[in-house]
Every structure is written in C-alpha cells, then in structure tokens.
$ cat coords_32.tsv   # TSV, C-alpha atoms
chain	number	residue	atom	x	y	z
A	1	MET	CA	63.71	-94.43	-15.42
A	2	GLY	CA	64.05	-95.02	-19.14
A	3	ARG	CA	62.99	-92.81	-21.98
A	4	VAL	CA	59.57	-92.80	-23.62
A	5	ILE	CA	59.89	-95.42	-26.37
A	6	ARG	CA	58.84	-94.98	-29.99
A	7	ALA	CA	55.65	-97.05	-29.67
A	8	GLN	CA	54.43	-94.67	-26.94
A	9	ARG	CA	55.28	-91.58	-28.99
A	10	LYS	CA	53.31	-92.92	-31.96
A	11	GLY	CA	50.17	-93.01	-29.83
A	12	ALA	CA	50.27	-89.24	-29.34
A	13	GLY	CA	50.14	-88.57	-33.09
A	14	SER	CA	52.14	-85.34	-33.80
A	15	VAL	CA	54.82	-86.23	-36.40
A	16	PHE	CA	53.44	-89.77	-36.72
A	17	LYS	CA	50.04	-88.71	-38.11
A	18	SER	CA	49.10	-90.40	-41.40
A	19	HIS	CA	49.47	-88.35	-44.58
A	20	THR	CA	45.94	-88.17	-45.95
A	21	LYS	CA	46.09	-85.04	-48.13
A	22	ARG	CA	46.31	-86.82	-51.49
A	23	ARG	CA	43.97	-89.68	-50.70
A	24	LYS	CA	40.98	-89.99	-52.99
A	25	GLY	CA	38.56	-91.27	-50.36
A	26	ALA	CA	37.25	-94.61	-49.10
A	27	PRO	CA	36.11	-96.84	-51.99
A	28	LYS	CA	32.78	-98.54	-51.30
A	29	LEU	CA	29.93	-100.21	-53.13
A	30	ARG	CA	26.67	-98.31	-53.62
A	31	SER	CA	24.32	-98.02	-50.68
A	32	LEU	CA	21.93	-100.94	-50.92
A	33	ASP	CA	18.53	-99.71	-52.17
A	34	TYR	CA	15.34	-101.04	-53.78
A	35	ALA	CA	16.69	-100.76	-57.34
A	36	GLU	CA	19.65	-102.97	-56.56
A	37	ARG	CA	17.74	-105.52	-54.47
A	38	HIS	CA	15.11	-106.14	-57.14
A	39	GLY	CA	16.69	-105.44	-60.51
A	40	TYR	CA	19.85	-103.66	-61.56
A	41	ILE	CA	21.08	-100.11	-62.07
A	42	LYS	CA	23.45	-99.02	-64.83
A	43	ALA	CA	26.26	-96.49	-64.49
A	44	LEU	CA	29.70	-95.23	-65.41
A	45	VAL	CA	30.37	-95.03	-61.66
A	46	HIS	CA	28.15	-91.94	-62.04
A	47	PHE	CA	24.78	-93.29	-60.99
A	48	ARG	CA	21.46	-91.64	-61.77
A	49	ASP	CA	19.77	-91.27	-58.41
A	50	PRO	CA	16.70	-93.51	-58.48
A	51	TYR	CA	14.67	-91.11	-56.32
A	52	LYS	CA	15.84	-87.57	-57.13
A	53	PHE	CA	16.97	-85.74	-60.29
A	54	LYS	CA	20.71	-85.86	-59.71
A	55	THR	CA	23.82	-87.88	-60.38
A	56	ARG	CA	25.63	-89.75	-57.63
A	57	LYS	CA	29.36	-90.30	-58.00
A	58	GLU	CA	30.72	-93.43	-56.36
A	59	LEU	CA	34.35	-94.36	-55.68
A	60	PHE	CA	34.82	-98.05	-56.50
A	61	ILE	CA	37.78	-100.39	-56.25
A	62	ALA	CA	38.93	-101.04	-59.83
A	63	PRO	CA	39.10	-104.70	-60.85
A	64	GLU	CA	41.64	-105.79	-63.43
A	65	GLY	CA	40.29	-105.22	-66.95
A	66	MET	CA	38.02	-102.27	-66.14
A	67	TYR	CA	38.38	-99.32	-68.51
A	68	THR	CA	37.27	-95.71	-68.84
A	69	GLY	CA	33.82	-95.41	-70.36
A	70	GLN	CA	32.78	-98.90	-69.29
A	71	PHE	CA	29.19	-99.36	-68.13
A	72	LEU	CA	28.83	-101.13	-64.81
A	73	TYR	CA	25.67	-102.86	-63.68
A	74	CYS	CA	24.83	-103.20	-60.00
A	75	GLY	CA	22.04	-105.38	-58.71
A	76	LYS	CA	20.44	-108.75	-58.45
A	77	ARG	CA	19.87	-109.12	-62.20
A	78	ALA	CA	23.26	-107.84	-63.33
A	79	THR	CA	25.29	-110.17	-65.55
A	80	LEU	CA	28.48	-111.90	-64.46
A	81	GLN	CA	31.00	-109.55	-66.10
A	82	ILE	CA	34.09	-107.87	-64.74
A	83	GLY	CA	33.24	-104.78	-62.71
A	84	ASN	CA	29.58	-105.67	-62.14
A	85	VAL	CA	28.25	-105.84	-58.60
A	86	LEU	CA	25.78	-108.55	-57.66
A	87	PRO	CA	24.85	-110.72	-54.66
A	88	VAL	CA	27.14	-113.72	-54.15
A	89	GLY	CA	24.05	-115.95	-54.10
A	90	SER	CA	23.46	-115.05	-57.78
A	91	MET	CA	26.95	-116.13	-58.82
A	92	PRO	CA	27.91	-119.66	-59.87
A	93	GLU	CA	30.33	-121.64	-57.71
A	94	GLY	CA	33.96	-120.91	-58.57
A	95	SER	CA	33.34	-117.23	-59.36
A	96	ILE	CA	36.25	-114.87	-58.65
A	97	VAL	CA	35.14	-111.76	-56.75
A	98	CYS	CA	36.57	-108.82	-54.84
A	99	ASN	CA	35.36	-106.07	-52.48
A	100	LEU	CA	33.07	-108.54	-50.78
A	101	GLU	CA	30.59	-107.55	-48.09
A	102	GLU	CA	31.08	-109.14	-44.68
A	103	LYS	CA	27.62	-108.15	-43.47
A	104	THR	CA	24.75	-107.37	-45.84
A	105	GLY	CA	24.82	-103.71	-46.85
A	106	ASP	CA	28.21	-102.78	-45.35
A	107	ARG	CA	29.44	-101.72	-48.85
A	108	GLY	CA	32.48	-104.02	-49.12
A	109	ARG	CA	34.99	-105.19	-46.52
A	110	LEU	CA	36.89	-108.28	-47.77
A	111	ALA	CA	39.44	-108.87	-50.58
A	112	ARG	CA	40.18	-105.19	-51.32
A	113	ALA	CA	43.99	-104.96	-51.55
A	114	SER	CA	45.76	-104.94	-54.93
A	115	GLY	CA	45.75	-108.32	-56.67
A	116	ASN	CA	43.45	-109.91	-54.08
A	117	TYR	CA	40.29	-111.90	-54.74
A	118	ALA	CA	37.88	-114.25	-53.02
A	119	THR	CA	36.33	-117.39	-54.53
A	120	VAL	CA	32.72	-118.49	-54.21
A	121	ILE	CA	32.86	-122.14	-53.10
A	122	ALA	CA	29.34	-123.34	-52.38
A	123	HIS	CA	25.76	-122.19	-51.82
A	124	ASN	CA	23.28	-123.43	-49.24
A	125	HIS	CA	19.87	-122.43	-50.61
A	126	ASP	CA	18.00	-123.59	-47.50
A	127	THR	CA	19.84	-121.31	-45.07
A	128	LYS	CA	20.55	-118.62	-47.74
A	129	LYS	CA	24.26	-118.76	-46.91
A	130	THR	CA	27.29	-118.89	-49.20
A	131	ARG	CA	30.75	-120.25	-48.43
A	132	VAL	CA	33.66	-118.20	-49.78
A	133	LYS	CA	37.42	-118.64	-49.72
A	134	LEU	CA	39.25	-115.46	-48.67
A	135	PRO	CA	42.71	-114.30	-49.85
A	136	SER	CA	44.25	-115.66	-46.61
A	137	GLY	CA	43.00	-119.14	-47.51
A	138	ALA	CA	40.40	-119.09	-44.73
A	139	LYS	CA	36.88	-120.15	-45.61
A	140	LYS	CA	33.98	-118.03	-44.40
A	141	VAL	CA	30.21	-118.50	-44.47
A	142	ILE	CA	28.35	-115.28	-45.33
A	143	PRO	CA	24.74	-114.42	-46.21
A	144	SER	CA	23.93	-115.01	-49.90
A	145	ASN	CA	22.54	-111.46	-50.16
A	146	ASN	CA	25.99	-109.96	-49.59
A	147	ARG	CA	27.23	-108.17	-52.68
A	148	ALA	CA	30.62	-108.44	-54.34
A	149	MET	CA	32.30	-107.09	-57.44
A	150	VAL	CA	33.25	-109.55	-60.17
A	151	GLY	CA	36.99	-109.83	-60.88
A	152	ILE	CA	40.40	-109.45	-59.26
A	153	VAL	CA	41.54	-106.13	-57.77
A	154	ALA	CA	43.87	-104.29	-60.16
A	155	GLY	CA	47.53	-103.66	-59.35
A	156	GLY	CA	48.47	-107.29	-58.66
A	157	GLY	CA	52.16	-108.18	-58.34
A	158	ARG	CA	52.90	-104.83	-56.70
A	159	ILE	CA	55.13	-106.38	-54.02
A	160	ASP	CA	56.97	-108.70	-56.44
A	161	LYS	CA	59.27	-105.91	-57.63
A	162	PRO	CA	62.21	-105.49	-55.22
A	163	ILE	CA	62.68	-102.03	-53.73
A	164	LEU	CA	66.49	-102.28	-54.27
A	165	LYS	CA	67.45	-98.86	-52.89
A	166	ALA	CA	66.68	-96.73	-49.87
A	167	GLY	CA	65.37	-93.83	-51.96
A	168	ARG	CA	62.42	-95.88	-53.19
A	169	ALA	CA	61.53	-96.96	-49.66
A	170	TYR	CA	61.79	-93.31	-48.58
A	171	HIS	CA	59.24	-92.18	-51.17
A	172	LYS	CA	56.99	-95.18	-50.56
A	173	TYR	CA	56.59	-94.36	-46.86
A	174	LYS	CA	56.68	-90.58	-47.30
A	175	VAL	CA	53.22	-90.86	-48.86
A	176	LYS	CA	51.89	-93.09	-46.06
A	177	ARG	CA	53.21	-91.94	-42.68
A	178	ASN	CA	56.40	-91.51	-40.69
A	179	CYS	CA	57.35	-95.15	-40.11
A	180	TRP	CA	60.67	-95.47	-42.00
A	181	PRO	CA	63.60	-95.94	-41.39
A	182	ASN	CA	62.86	-98.27	-38.49
A	183	VAL	CA	65.63	-98.67	-35.90
A	184	ARG	CA	65.73	-102.06	-34.17
A	185	GLY	CA	65.37	-102.13	-30.40
A	186	VAL	CA	68.51	-104.25	-29.91
A	187	ALA	CA	70.55	-101.56	-31.70
A	188	MET	CA	69.56	-98.94	-29.08
A	189	ASN	CA	70.88	-98.11	-25.63
A	190	PRO	CA	69.20	-99.53	-22.51
A	191	VAL	CA	67.68	-96.10	-21.74
A	192	GLU	CA	65.82	-96.01	-25.07
A	193	HIS	CA	64.37	-99.51	-25.38
A	194	PRO	CA	63.80	-102.63	-23.26
A	195	HIS	CA	65.89	-104.66	-25.76
A	196	GLY	CA	68.79	-102.18	-25.80
A	197	GLY	CA	72.35	-102.47	-24.46
A	198	GLY	CA	74.70	-105.36	-23.76
A	199	ASN	CA	77.77	-106.60	-25.57
A	200	HIS	CA	76.57	-108.13	-28.83
A	201	GLN	CA	73.11	-107.21	-30.02
A	202	HIS	CA	70.77	-109.55	-28.19
A	203	ILE	CA	67.42	-109.19	-26.46
A	204	GLY	CA	68.69	-110.73	-23.23
A	205	LYS	CA	65.24	-111.62	-21.92
A	206	ALA	CA	62.09	-113.29	-23.19
A	207	SER	CA	60.80	-111.58	-26.34
A	208	THR	CA	57.19	-112.17	-25.23
A	209	VAL	CA	55.41	-109.71	-22.96
A	210	LYS	CA	52.08	-110.02	-21.19
A	211	ARG	CA	48.99	-108.19	-22.37
A	212	GLY	CA	48.67	-106.02	-19.25
A	213	THR	CA	52.29	-104.88	-19.09
A	214	SER	CA	53.11	-101.18	-18.90
A	215	ALA	CA	53.32	-99.17	-22.13
A	216	GLY	CA	57.09	-98.62	-22.01
A	217	ARG	CA	57.74	-102.35	-21.69
A	218	LYS	CA	55.25	-103.55	-24.30
A	219	VAL	CA	57.62	-104.47	-27.15
A	220	GLY	CA	58.32	-107.69	-28.99
A	221	LEU	CA	55.72	-110.44	-29.15
A	222	ILE	CA	52.72	-109.08	-27.24
A	223	ALA	CA	50.56	-111.71	-25.50
A	224	ALA	CA	51.87	-114.40	-27.87
A	225	ARG	CA	50.03	-117.72	-27.74
A	226	ARG	CA	53.01	-119.42	-29.33
A	227	THR	CA	56.38	-118.42	-30.78
A	228	GLY	CA	58.74	-119.79	-33.40
A	229	ARG	CA	58.20	-120.94	-36.94
A	230	ILE	CA	54.92	-122.46	-38.03
A	231	ARG	CA	55.92	-126.01	-38.96
A	232	GLY	CA	53.68	-127.83	-41.41
A	233	GLY	CA	50.67	-126.42	-43.22
A	234	LYS	CA	47.15	-125.88	-42.00
A	235	VAL	CA	45.14	-129.03	-41.49
A	236	GLU	CA	41.99	-128.75	-43.62
A	237	SER	CA	38.89	-130.25	-42.10
A	238	LYS	CA	37.05	-132.56	-44.48
A	239	LYS	CA	33.63	-131.50	-43.20
A	240	GLU	CA	31.80	-129.14	-45.57
A	241	ASP	CA	28.48	-127.56	-44.68

$ encode --input "coords_32.tsv" --output "structure tokens"
Amino acid sequence: MGRVIRAQRKGAGSVFKSHTKRRKGAPKLRSLDYAERHGYIKALVHFRDPYKFKTRKELFIAPEGMYTGQFLYCGKRATLQIGNVLPVGSMPEGSIVCNLEEKTGDRGRLARASGNYATVIAHNHDTKKTRVKLPSGAKKVIPSNNRAMVGIVAGGGRIDKPILKAGRAYHKYKVKRNCWPNVRGVAMNPVEHPHGGGNHQHIGKASTVKRGTSAGRKVGLIAARRTGRIRGGKVESKKED
C-alpha cells in the first residue's frame, strides 16, 4: 500500500487552500438593465443607480490606456473608445475587445487575462449573431447583444520577463497558493508516487491513465486522446457563416 499522493492531499484543502485575503474581488461588467439596453450610462466606475438615490461601485477589468478620473460609458449608444462597454453587434468588424460575455448578461467571461483580447470578425444581422476570434485563436459565434469592453487588458507582456531566481518564484506563488516548489513524480520513491523508483529516473510504464482509475494512480496524462507533440498547425476551414 503506497502513500497518499500529493494530488489526493490537495483535494482535502488544508495547507493547499488558495490565499484570497488580499484579493480585490471578481471583476465584472454592470448588471444588464434598461438604461444599458436602450441608451448608455456614464460613470467613473461609480455608477449612479438608475432606480434609487445611491452610487454603485463596480470592479472592472482595466484595459490598457484607462486612467484615473476617466469617464466610462456603458450601453448600446456608447461610443467606441477604450474602456467603454457596448454590445458586440454595435461594434465595427475588426474591433479589439476584452471581458467579453459568453452568454447575454453573464457580465464578462472571455478574454480577461492580462494582455488578452478578442477580435470582432463578422456580423450576421439576420440571425443577430456575431463571430469573434478568441485569444486562443478559436472562432466563436455569440449573440450580438453580448457586451464587451473596448481595448486590450492591461498588464500585457507579464510572462515575457524571465523569473531568473527561485526567490521570485517563491513570492509569486506565495500570493496564490501552496503549489511551489513542485517535486517531479519520477524523483520520488515508489511508495510516494506511481512514477517513483527504479535506477535512472524514468516512468517505467505508460504515462497515460484511464479516466476511471483510482485516485492514487491518477497521475500523468489523464484520459489522453493523443500524446506527443502537435505536428503542423491547425487546419482552418474555409467555410464562413
């Protein structure tokens, strides 16, 4: 009987819980309301509530070029300027957007990481659908009423700078969760990991495991459809809808 492996221990939480104390909150677009569907609403990310006498503070993803004191406009009639939020159907083809809604009114799901953006490719006015290109290169058809923020997410090029020393990696992951340093399975003993043991560090068995395998054995490439390098690029289909 081997030991409980690290992947199993992570499931229990305890020392592996994420460090959320200094997080600011989940950034989202405004809740979709009448004002935004039919006109536009103006704010400094402090919105005047359209129905009650109060101010609503929203936490937005900052696009590159946004500044303190800038007025943002959210809604169907907002202009195409960096930081403004408007339906993708109102944008011209080729527009660069971020924090894009996957389903109408879900307050932003796609292209949210630093430096990421999506591109509006084409509109189909008959079906009220818009085709967008996502950061992965995949193309997706979404409803034209889905909102998005104009611009690229700030903080691009974050991963271009090499970490260079262990201390920087330590502080990087200290903020996130306990997932560094990461010991390889082949460097362990057979009691601690299915890949452990043997003269020379080698896996010694297939690196793929089936989906329904037991928790202590589920390491490596889980339920892999294929393994090895991806040779050649993606084949783009010529058919556009």

$ closest_residue --input "coords_32.tsv" --among "A:Ile5, A:Cys98, A:Ala35, A:Ala138" --to "Gly196 in chain A" --atoms "only C-alpha atoms"
A:Ile5

$ atom_distance --input "coords_32.tsv" --atom1 "CA of Gly39 in chain A" --atom2 "CA of Arg147 in chain A"
13.4 Å

$ atom_distance --input "coords_32.tsv" --atom1 "CA of Lys174 in chain A" --atom2 "CA of Thr20 in chain A"
11.1 Å

$ residues_near_point --input "coords_32.tsv" --point "(35.7, -97.8, -56.6)" --cutoff "8 Å" --atoms "all atoms listed in the file" --output "number ranges by chain"
A: 27-29, 45, 58-62

$ residues_near_point --input "coords_32.tsv" --point "(36.8, -112.2, -57.7)" --cutoff "7 Å" --atoms "all atoms listed in the file" --output "number ranges by chain"
A: 95-98, 117-119, 149-152

$ residues_around --input "coords_32.tsv" --residues "Leu44 in chain A" --least-positions-apart "3" --cutoff "7 Å" --atoms "only C-alpha atoms" --output "list of chain:residue names"
A:Phe47, A:Gly69, A:Gln70, A:Phe71, A:Leu72

$ atom_distance --input "coords_32.tsv" --atom1 "CA of Arg109 in chain A" --atom2 "CA of Thr68 in chain A"
24.4 Å

$ closest_residue --input "coords_32.tsv" --among "A:Ile41, A:Ile121, A:Ala148, A:Ala206" --to "Gly108 in chain A" --atoms "all atoms listed in the file"
A:Ala148

$ residues_around --input "coords_32.tsv" --residues "Glu192 in chain A" --least-positions-apart "3" --cutoff "8 Å" --atoms "only C-alpha atoms" --output "ChimeraX atom specification"
/A:2-5,188-189,196

$ write_last_selection --input "coords_32.tsv" --atoms "C-alpha atoms" --output "PDB file, in the frame of the given file"
ATOM      1  CA  GLY A   2      64.050 -95.020 -19.140  1.00  0.00           C
ATOM      2  CA  ARG A   3      62.990 -92.810 -21.980  1.00  0.00           C
ATOM      3  CA  VAL A   4      59.570 -92.800 -23.620  1.00  0.00           C
ATOM      4  CA  ILE A   5      59.890 -95.420 -26.370  1.00  0.00           C
ATOM      5  CA  MET A 188      69.560 -98.940 -29.080  1.00  0.00           C
ATOM      6  CA  ASN A 189      70.880 -98.110 -25.630  1.00  0.00           C
ATOM      7  CA  GLY A 196      68.790-102.180 -25.800  1.00  0.00           C
TER       8      GLY A 196
END

$ residues_around --input "coords_32.tsv" --residues "range 222-232 of chain A" --least-positions-apart "2" --cutoff "9 Å" --atoms "all atoms listed in the file" --output "short mmCIF file (atom, residue, chain, number, x, y, z; two decimals) with C-alpha atoms, in the frame of the given file"
data_model
loop_
_atom_site.label_atom_id
_atom_site.label_comp_id
_atom_site.auth_asym_id
_atom_site.auth_seq_id
_atom_site.Cartn_x
_atom_site.Cartn_y
_atom_site.Cartn_z
CA SER A 207 60.80 -111.58 -26.34
CA THR A 208 57.19 -112.17 -25.23
CA VAL A 209 55.41 -109.71 -22.96
CA LYS A 210 52.08 -110.02 -21.19
CA ARG A 211 48.99 -108.19 -22.37
CA GLY A 212 48.67 -106.02 -19.25
CA LYS A 218 55.25 -103.55 -24.30
CA VAL A 219 57.62 -104.47 -27.15
CA GLY A 220 58.32 -107.69 -28.99
CA LYS A 234 47.15 -125.88 -42.00
CA VAL A 235 45.14 -129.03 -41.49
#

$ closest_residue --input "coords_32.tsv" --among "A:His19, A:Lys76, A:Pro181, A:Val120" --to "Ala166 in chain A" --atoms "all atoms listed in the file"
A:Pro181

$ residues_around --input "coords_32.tsv" --residues "Arg37 in chain A" --least-positions-apart "5" --cutoff "12 Å" --atoms "all atoms listed in the file" --output "list in words"
Arg30, Ser31, Leu32, Cys74, Gly75, Lys76, Arg77, Ala78, Val85, Leu86, Pro87, Ser90, Thr104, Gly105, Asn145, Asn146 and Arg147 of chain A

$ closest_residue --input "coords_32.tsv" --among "A:Tyr51, A:Lys21, A:Arg112, A:Arg6" --to "Tyr34 in chain A" --atoms "all atoms listed in the file"
A:Tyr51
